[in-house]
file target-v5.txt (compact mmCIF, C-alpha atoms and all ligand atoms)
# COMPACT_ATOMS: atom_id res chain seq x y z
CA MET F 16 9.94 55.12 5.05
CA LYS F 17 12.76 56.77 6.95
CA ILE F 18 14.72 54.58 9.40
CA VAL F 19 17.53 55.95 11.54
CA ILE F 20 20.26 53.73 12.97
CA ILE F 21 22.03 55.07 16.05
CA ASN F 22 25.08 53.26 17.41
CA GLY F 23 26.72 53.98 20.74
CA PRO F 24 30.24 53.75 22.14
CA ASN F 25 32.91 51.48 20.68
CA LEU F 26 30.69 50.26 17.85
CA ASN F 27 32.92 52.29 15.53
CA LEU F 28 35.50 49.55 16.21
CA LEU F 29 33.37 46.67 14.89
CA GLY F 30 35.53 44.43 12.75
CA THR F 31 38.51 44.62 15.09
CA ARG F 32 36.90 44.87 18.54
CA GLU F 33 36.49 41.58 20.47
CA THR F 34 35.92 39.69 17.23
CA GLY F 35 34.95 36.49 19.06
CA ILE F 36 31.86 38.32 20.30
CA TYR F 37 31.14 40.93 17.63
CA GLY F 38 32.56 39.35 14.45
CA ILE F 39 34.98 40.60 11.83
CA GLN F 40 32.71 42.79 9.70
CA THR F 41 32.84 46.56 10.00
CA PHE F 42 29.54 48.34 10.48
CA GLU F 43 30.19 50.42 7.38
CA ASP F 44 30.45 47.26 5.26
CA TYR F 45 27.31 45.76 6.83
CA TYR F 46 25.43 49.05 6.38
CA LYS F 47 26.27 49.11 2.65
CA HIS F 48 24.64 45.68 2.21
CA LEU F 49 21.69 46.61 4.41
CA LYS F 50 20.95 49.65 2.26
CA SER F 51 21.05 47.59 -0.93
CA ASP F 52 18.72 44.95 0.63
CA PHE F 53 16.08 47.63 1.36
CA PRO F 54 16.20 50.09 -1.55
CA GLN F 55 12.75 51.41 -0.59
CA VAL F 56 14.03 52.62 2.81
CA ASP F 57 15.58 56.02 3.36
CA PHE F 58 18.36 55.23 5.87
CA ASP F 59 20.28 57.52 8.14
CA TYR F 60 23.20 56.33 10.29
CA PHE F 61 24.92 57.97 13.25
CA GLN F 62 27.56 56.68 15.67
CA SER F 63 28.99 58.40 18.71
CA ASN F 64 31.04 57.52 21.75
CA ILE F 65 29.49 60.45 23.63
CA GLU F 66 26.25 60.01 25.59
CA GLY F 67 24.99 63.59 25.07
CA GLU F 68 25.50 63.31 21.30
CA LEU F 69 23.37 60.17 21.25
CA ILE F 70 20.63 62.00 23.18
CA ASP F 71 20.86 64.96 20.77
CA ARG F 72 20.47 62.61 17.81
CA VAL F 73 17.47 60.81 19.33
CA GLN F 74 15.83 64.21 19.90
CA ASN F 75 16.73 65.54 16.45
CA VAL F 76 15.33 62.61 14.45
CA GLY F 77 12.65 61.45 16.89
CA PHE F 78 9.88 63.67 15.53
CA SER F 79 10.49 63.18 11.82
CA CYS F 80 11.49 59.57 11.09
CA ASP F 81 9.37 56.42 11.03
CA GLY F 82 11.56 54.39 13.33
CA ILE F 83 14.89 54.25 15.14
CA LEU F 84 17.16 51.23 15.58
CA LEU F 85 19.21 52.02 18.67
CA ASN F 86 22.23 50.08 19.84
CA ALA F 87 23.26 52.22 22.78
CA ALA F 88 26.07 49.71 23.50
CA ALA F 89 27.46 50.18 27.04
CA TYR F 90 25.13 53.15 27.68
CA THR F 91 22.23 50.69 27.46
CA HIS F 92 23.10 49.54 30.95
CA THR F 93 23.73 52.95 32.53
CA SER F 94 21.92 55.78 30.76
CA VAL F 95 18.78 57.21 32.35
CA GLY F 96 19.23 60.12 29.93
CA ILE F 97 18.92 58.04 26.77
CA GLY F 98 15.88 56.26 28.21
CA ASP F 99 14.27 59.62 29.01
CA ALA F 100 15.03 60.88 25.47
CA ILE F 101 13.20 57.89 24.00
CA LYS F 102 10.20 58.65 26.23
CA ALA F 103 10.21 62.25 24.96
CA ILE F 104 9.99 61.50 21.22
CA VAL F 105 7.24 60.10 19.02
CA ALA F 106 9.18 57.71 16.73
CA PRO F 107 9.20 54.05 17.82
CA VAL F 108 12.58 52.72 18.94
CA ILE F 109 13.78 49.13 18.58
CA GLU F 110 16.62 48.22 20.93
CA ILE F 111 19.34 46.32 19.10
CA HIS F 112 22.24 44.25 20.38
CA ILE F 113 24.70 42.22 18.34
CA SER F 114 25.54 39.83 21.18
CA ASN F 115 23.12 38.07 23.50
CA THR F 116 23.56 40.37 26.48
CA PHE F 117 21.65 37.95 28.72
CA ALA F 118 24.28 35.27 28.12
CA ARG F 119 27.01 37.67 29.30
CA GLU F 120 27.93 39.43 32.56
CA ASP F 121 25.15 40.36 35.01
CA PHE F 122 25.65 44.10 34.48
CA ARG F 123 24.60 43.63 30.84
CA HIS F 124 21.22 42.19 31.90
CA LYS F 125 19.96 45.63 32.97
CA SER F 126 18.72 47.97 30.23
CA PHE F 127 17.37 51.50 30.53
CA ILE F 128 16.16 51.20 26.93
CA THR F 129 14.01 48.04 27.12
CA PRO F 130 11.12 49.52 29.17
CA VAL F 131 10.70 52.39 26.69
CA ALA F 132 11.40 50.50 23.46
CA LYS F 133 8.83 49.12 21.04
CA GLY F 134 10.74 45.84 21.09
CA ILE F 135 14.19 44.35 21.40
CA ILE F 136 16.31 42.29 19.00
CA ILE F 137 19.29 40.73 20.71
CA GLY F 138 21.95 38.21 19.83
CA PHE F 139 21.70 37.72 16.06
CA GLY F 140 25.05 39.31 15.28
CA LEU F 141 24.92 42.25 12.89
CA ASP F 142 21.77 40.69 11.44
CA SER F 143 19.94 42.07 14.52
CA TYR F 144 19.82 45.34 12.54
CA ARG F 145 18.27 43.69 9.45
CA LEU F 146 15.60 42.03 11.61
CA GLY F 147 14.82 45.44 13.08
CA VAL F 148 14.47 47.00 9.62
CA GLU F 149 12.17 44.15 8.55
CA SER F 150 9.97 44.74 11.55
CA PHE F 151 9.54 48.43 10.67
CA VAL F 152 9.03 47.71 6.96
CA ARG F 153 6.31 45.13 7.65
CA SER F 154 4.42 47.20 10.25
C1 LIG G 201 26.30 45.55 22.73
C2 LIG G 201 26.24 44.87 24.10
C3 LIG G 201 26.69 45.81 25.20
O1 LIG G 201 26.64 45.16 26.47
C4 LIG G 201 28.12 46.25 24.96
O2 LIG G 201 28.53 47.19 25.92
C5 LIG G 201 28.36 46.76 23.56
C6 LIG G 201 27.68 46.11 22.44
C7 LIG G 201 25.93 44.58 21.58
O3 LIG G 201 25.57 45.07 20.53
O4 LIG G 201 26.04 43.36 21.75
O5 LIG G 201 29.16 47.65 23.35
O6 LIG G 201 25.35 46.60 22.71

call {"tool": "encode", "arguments": {"input": "target-v5.txt", "output": "structure tokens", "more": "lines below"}}
Ligand code: DQA
result
Amino acid sequence: MKIVIINGPNLNLLGTRETGIYGIQTFEDYYKHLKSDFPQVDFDYFQSNIEGELIDRVQNVGFSCDGILLNAAAYTHTSVGIGDAIKAIVAPVIEIHISNTFAREDFRHKSFITPVAKGIIIGFGLDSYRLGVESFVRS
């Protein structure tokens, strides 16, 4: 099973960014543990701060992998383009958020990903990614 994780803007700063909300662990450290928890999964990971690069990645992997975990970060709330890219591919996408976006500012309550996602996992810290992997592995 091939699962692709795509992270959007500012998630490269996990570990130092707003640690009260996002915690102190870097994504690289979390990803290392995630890979060892699921040795049967072929993982791929991509992060970008650039909307078009995220769209390119969704398109490039969206016809060949078994599932995508997408945390589009701030672009979740603004990007028609990423939503359209998800509609254009065949791989199922699970929308991931580290924080509970519905417990935060109103502008974070809107998502262009939710209507086109298979499901959403929100608010479990970095473990939101593990729950997403488990969902793909069990389906
Ligand atoms: C986030 C939530 C977004 O609202 C925010 O812009 C992020 C991270 C999360 O994982 O909690 O950058 O996607």

call {"tool": "residues_near_ligand", "arguments": {"input": "target-v5.txt", "ligand": "ligand LIG 201 (chain G)", "cutoff": "9 Å", "atoms": "only C-alpha atoms and all ligand atoms", "output": "PyMOL selection string"}}
result
chain F and resi 22-26+36-37+86-92+111-116+119-120+122-124+137-138+140-141+143

call {"tool": "residues_around", "arguments": {"input": "target-v5.txt", "residues": "F:Val131", "least_positions_apart": "2", "cutoff": "7 Å", "atoms": "only C-alpha atoms", "output": "number ranges by chain"}}
result
F: 98, 101-102, 128-129, 133

call {"tool": "residues_around", "arguments": {"input": "target-v5.txt", "residues": "F:Glu43", "least_positions_apart": "5", "cutoff": "12 Å", "atoms": "all atoms listed in the file", "output": "number ranges by chain"}}
result
F: 20, 22, 26-30, 48-50, 60-62, 141

call {"tool": "residues_around", "arguments": {"input": "target-v5.txt", "residues": "F:Ser154", "least_positions_apart": "4", "cutoff": "12 Å", "atoms": "all atoms listed in the file", "output": "list in words"}}
result
Met16, Asp81, Gly82, Pro107, Lys133, Gly147, Val148, Glu149 and Ser150 of chain F

call {"tool": "atom_distance", "arguments": {"input": "target-v5.txt", "atom1": "atom CA of F:Ile109", "atom2": "atom CA of F:Asp52"}}
result
19.1 Å

call {"tool": "closest_residue", "arguments": {"input": "target-v5.txt", "among": "F:Leu146, F:Ile97, F:Val152, F:Ala106", "to": "F:Ile65", "atoms": "only C-alpha atoms"}}
result
F:Ile97

call {"tool": "atom_distance", "arguments": {"input": "target-v5.txt", "atom1": "atom CA of F:Val76", "atom2": "atom CA of F:Tyr144"}}
result
17.9 Å

call {"tool": "atom_distance", "arguments": {"input": "target-v5.txt", "atom1": "atom CA of F:Val19", "atom2": "atom CA of F:Phe127"}}
result
19.5 Å

call {"tool": "closest_residue", "arguments": {"input": "target-v5.txt", "among": "F:Asn75, F:Asn64, F:Ser51, F:Ser126", "to": "F:Thr93", "atoms": "all atoms listed in the file"}}
result
F:Ser126

call {"tool": "closest_residue", "arguments": {"input": "target-v5.txt", "among": "F:Val105, F:Arg153, F:Asp44, F:Glu66", "to": "F:Ser79", "atoms": "only C-alpha atoms"}}
result
F:Val105

call {"tool": "decode", "arguments": {"input": "target-v5.txt", "residues": "stretch 23-71 of chain F", "atoms": "N, CA and C atoms", "output": "mmCIF file, in the first residue's frame"}}
result
data_model
loop_
_atom_site.group_PDB
_atom_site.id
_atom_site.type_symbol
_atom_site.label_atom_id
_atom_site.label_comp_id
_atom_site.auth_asym_id
_atom_site.auth_seq_id
_atom_site.Cartn_x
_atom_site.Cartn_y
_atom_site.Cartn_z
ATOM 1 N N GLY F 23 1.068 21.413 3.742
ATOM 2 C CA GLY F 23 1.086 22.755 3.180
ATOM 3 C C GLY F 23 1.920 23.748 3.972
ATOM 4 N N PRO F 24 1.631 25.041 3.765
ATOM 5 C CA PRO F 24 2.503 26.107 4.245
ATOM 6 C C PRO F 24 2.689 26.149 5.769
ATOM 7 N N ASN F 25 3.910 26.432 6.123
ATOM 8 C CA ASN F 25 4.343 26.641 7.522
ATOM 9 C C ASN F 25 4.439 25.360 8.348
ATOM 10 N N LEU F 26 4.031 24.237 7.760
ATOM 11 C CA LEU F 26 4.151 22.982 8.521
ATOM 12 C C LEU F 26 5.603 22.508 8.564
ATOM 13 N N ASN F 27 6.458 23.103 7.756
ATOM 14 C CA ASN F 27 7.898 22.837 7.881
ATOM 15 C C ASN F 27 8.452 23.408 9.191
ATOM 16 N N LEU F 28 7.686 24.264 9.841
ATOM 17 C CA LEU F 28 8.157 24.882 11.096
ATOM 18 C C LEU F 28 7.591 24.200 12.340
ATOM 19 N N LEU F 29 6.931 23.042 12.152
ATOM 20 C CA LEU F 29 6.430 22.317 13.330
ATOM 21 C C LEU F 29 7.583 22.030 14.278
ATOM 22 N N GLY F 30 7.304 22.186 15.560
ATOM 23 C CA GLY F 30 8.373 22.007 16.557
ATOM 24 C C GLY F 30 8.780 23.333 17.155
ATOM 25 N N THR F 31 8.677 24.390 16.349
ATOM 26 C CA THR F 31 8.995 25.738 16.855
ATOM 27 C C THR F 31 7.837 26.704 16.648
ATOM 28 N N ARG F 32 6.935 26.366 15.721
ATOM 29 C CA ARG F 32 5.841 27.268 15.362
ATOM 30 C C ARG F 32 4.678 27.142 16.358
ATOM 31 N N GLU F 33 4.264 28.238 16.967
ATOM 32 C CA GLU F 33 3.081 28.247 17.851
ATOM 33 C C GLU F 33 2.939 26.929 18.619
ATOM 34 N N THR F 34 3.922 26.648 19.448
ATOM 35 C CA THR F 34 3.999 25.328 20.089
ATOM 36 C C THR F 34 2.812 25.033 21.012
ATOM 37 N N GLY F 35 2.150 26.075 21.507
ATOM 38 C CA GLY F 35 0.958 25.875 22.336
ATOM 39 C C GLY F 35 -0.175 25.245 21.542
ATOM 40 N N ILE F 36 -0.164 25.447 20.238
ATOM 41 C CA ILE F 36 -1.207 24.876 19.367
ATOM 42 C C ILE F 36 -0.708 23.602 18.685
ATOM 43 N N TYR F 37 0.526 23.640 18.176
ATOM 44 C CA TYR F 37 0.995 22.553 17.305
ATOM 45 C C TYR F 37 2.001 21.607 17.962
ATOM 46 N N GLY F 38 2.416 21.914 19.200
ATOM 47 C CA GLY F 38 3.335 21.018 19.899
ATOM 48 C C GLY F 38 4.797 21.281 19.582
ATOM 49 N N ILE F 39 5.659 20.469 20.188
ATOM 50 C CA ILE F 39 7.098 20.724 20.101
ATOM 51 C C ILE F 39 7.830 19.718 19.214
ATOM 52 N N GLN F 40 7.073 18.783 18.629
ATOM 53 C CA GLN F 40 7.735 17.760 17.803
ATOM 54 C C GLN F 40 7.837 18.235 16.352
ATOM 55 N N THR F 41 8.969 17.982 15.746
ATOM 56 C CA THR F 41 9.092 18.301 14.311
ATOM 57 C C THR F 41 8.346 17.230 13.510
ATOM 58 N N PHE F 42 7.932 17.591 12.292
ATOM 59 C CA PHE F 42 7.246 16.585 11.487
ATOM 60 C C PHE F 42 8.205 15.468 11.102
ATOM 61 N N GLU F 43 9.442 15.818 10.858
ATOM 62 C CA GLU F 43 10.433 14.817 10.454
ATOM 63 C C GLU F 43 10.579 13.740 11.528
ATOM 64 N N ASP F 44 10.604 14.166 12.785
ATOM 65 C CA ASP F 44 10.717 13.211 13.895
ATOM 66 C C ASP F 44 9.451 12.343 13.977
ATOM 67 N N TYR F 45 8.287 12.992 13.866
ATOM 68 C CA TYR F 45 7.028 12.227 13.916
ATOM 69 C C TYR F 45 6.962 11.224 12.757
ATOM 70 N N TYR F 46 7.375 11.673 11.580
ATOM 71 C CA TYR F 46 7.311 10.845 10.370
ATOM 72 C C TYR F 46 8.179 9.592 10.508
ATOM 73 N N LYS F 47 9.339 9.751 11.155
ATOM 74 C CA LYS F 47 10.234 8.610 11.384
ATOM 75 C C LYS F 47 9.508 7.525 12.204
ATOM 76 N N HIS F 48 8.821 7.954 13.265
ATOM 77 C CA HIS F 48 8.088 7.002 14.106
ATOM 78 C C HIS F 48 6.893 6.399 13.357
ATOM 79 N N LEU F 49 6.228 7.237 12.579
ATOM 80 C CA LEU F 49 5.066 6.761 11.814
ATOM 81 C C LEU F 49 5.489 5.641 10.865
ATOM 82 N N LYS F 50 6.600 5.854 10.189
ATOM 83 C CA LYS F 50 7.086 4.840 9.233
ATOM 84 C C LYS F 50 7.417 3.534 9.955
ATOM 85 N N SER F 51 8.007 3.648 11.158
ATOM 86 C CA SER F 51 8.362 2.396 11.846
ATOM 87 C C SER F 51 7.121 1.710 12.432
ATOM 88 N N ASP F 52 6.043 2.475 12.690
ATOM 89 C CA ASP F 52 4.788 1.864 13.177
ATOM 90 C C ASP F 52 4.047 1.104 12.080
ATOM 91 N N PHE F 53 4.294 1.479 10.814
ATOM 92 C CA PHE F 53 3.579 0.837 9.696
ATOM 93 C C PHE F 53 4.595 0.358 8.654
ATOM 94 N N PRO F 54 5.383 -0.677 9.004
ATOM 95 C CA PRO F 54 6.439 -1.117 8.085
ATOM 96 C C PRO F 54 5.888 -1.644 6.759
ATOM 97 N N GLN F 55 4.611 -2.035 6.753
ATOM 98 C CA GLN F 55 4.006 -2.587 5.534
ATOM 99 C C GLN F 55 3.603 -1.493 4.541
ATOM 100 N N VAL F 56 3.648 -0.234 4.984
ATOM 101 C CA VAL F 56 3.205 0.870 4.120
ATOM 102 C C VAL F 56 4.407 1.515 3.432
ATOM 103 N N ASP F 57 4.218 1.776 2.151
ATOM 104 C CA ASP F 57 5.225 2.511 1.377
ATOM 105 C C ASP F 57 4.833 3.995 1.443
ATOM 106 N N PHE F 58 5.572 4.762 2.266
ATOM 107 C CA PHE F 58 5.225 6.173 2.479
ATOM 108 C C PHE F 58 5.983 7.093 1.536
ATOM 109 N N ASP F 59 5.327 8.196 1.229
ATOM 110 C CA ASP F 59 5.985 9.281 0.511
ATOM 111 C C ASP F 59 5.554 10.570 1.216
ATOM 112 N N TYR F 60 6.480 11.505 1.377
ATOM 113 C CA TYR F 60 6.165 12.746 2.105
ATOM 114 C C TYR F 60 6.629 13.948 1.311
ATOM 115 N N PHE F 61 5.770 14.969 1.254
ATOM 116 C CA PHE F 61 6.098 16.197 0.519
ATOM 117 C C PHE F 61 5.541 17.379 1.296
ATOM 118 N N GLN F 62 6.349 18.427 1.430
ATOM 119 C CA GLN F 62 5.872 19.675 2.056
ATOM 120 C C GLN F 62 6.225 20.839 1.146
ATOM 121 N N SER F 63 5.282 21.780 1.027
ATOM 122 C CA SER F 63 5.605 22.997 0.288
ATOM 123 C C SER F 63 4.825 24.168 0.861
ATOM 124 N N ASN F 64 5.427 25.340 0.723
ATOM 125 C CA ASN F 64 4.741 26.576 1.115
ATOM 126 C C ASN F 64 4.045 27.216 -0.077
ATOM 127 N N ILE F 65 4.118 26.542 -1.230
ATOM 128 C CA ILE F 65 3.645 27.138 -2.488
ATOM 129 C C ILE F 65 2.420 26.369 -3.002
ATOM 130 N N GLU F 66 1.326 27.079 -3.201
ATOM 131 C CA GLU F 66 0.054 26.442 -3.564
ATOM 132 C C GLU F 66 0.181 25.590 -4.833
ATOM 133 N N GLY F 67 0.803 26.161 -5.881
ATOM 134 C CA GLY F 67 0.914 25.436 -7.156
ATOM 135 C C GLY F 67 1.727 24.153 -7.015
ATOM 136 N N GLU F 68 2.723 24.159 -6.141
ATOM 137 C CA GLU F 68 3.513 22.929 -5.931
ATOM 138 C C GLU F 68 2.678 21.851 -5.249
ATOM 139 N N LEU F 69 1.780 22.274 -4.378
ATOM 140 C CA LEU F 69 0.891 21.300 -3.724
ATOM 141 C C LEU F 69 -0.063 20.700 -4.754
ATOM 142 N N ILE F 70 -0.583 21.540 -5.645
ATOM 143 C CA ILE F 70 -1.469 21.059 -6.714
ATOM 144 C C ILE F 70 -0.701 20.101 -7.633
ATOM 145 N N ASP F 71 0.519 20.463 -7.998
ATOM 146 C CA ASP F 71 1.341 19.573 -8.845
ATOM 147 C C ASP F 71 1.521 18.213 -8.179
#
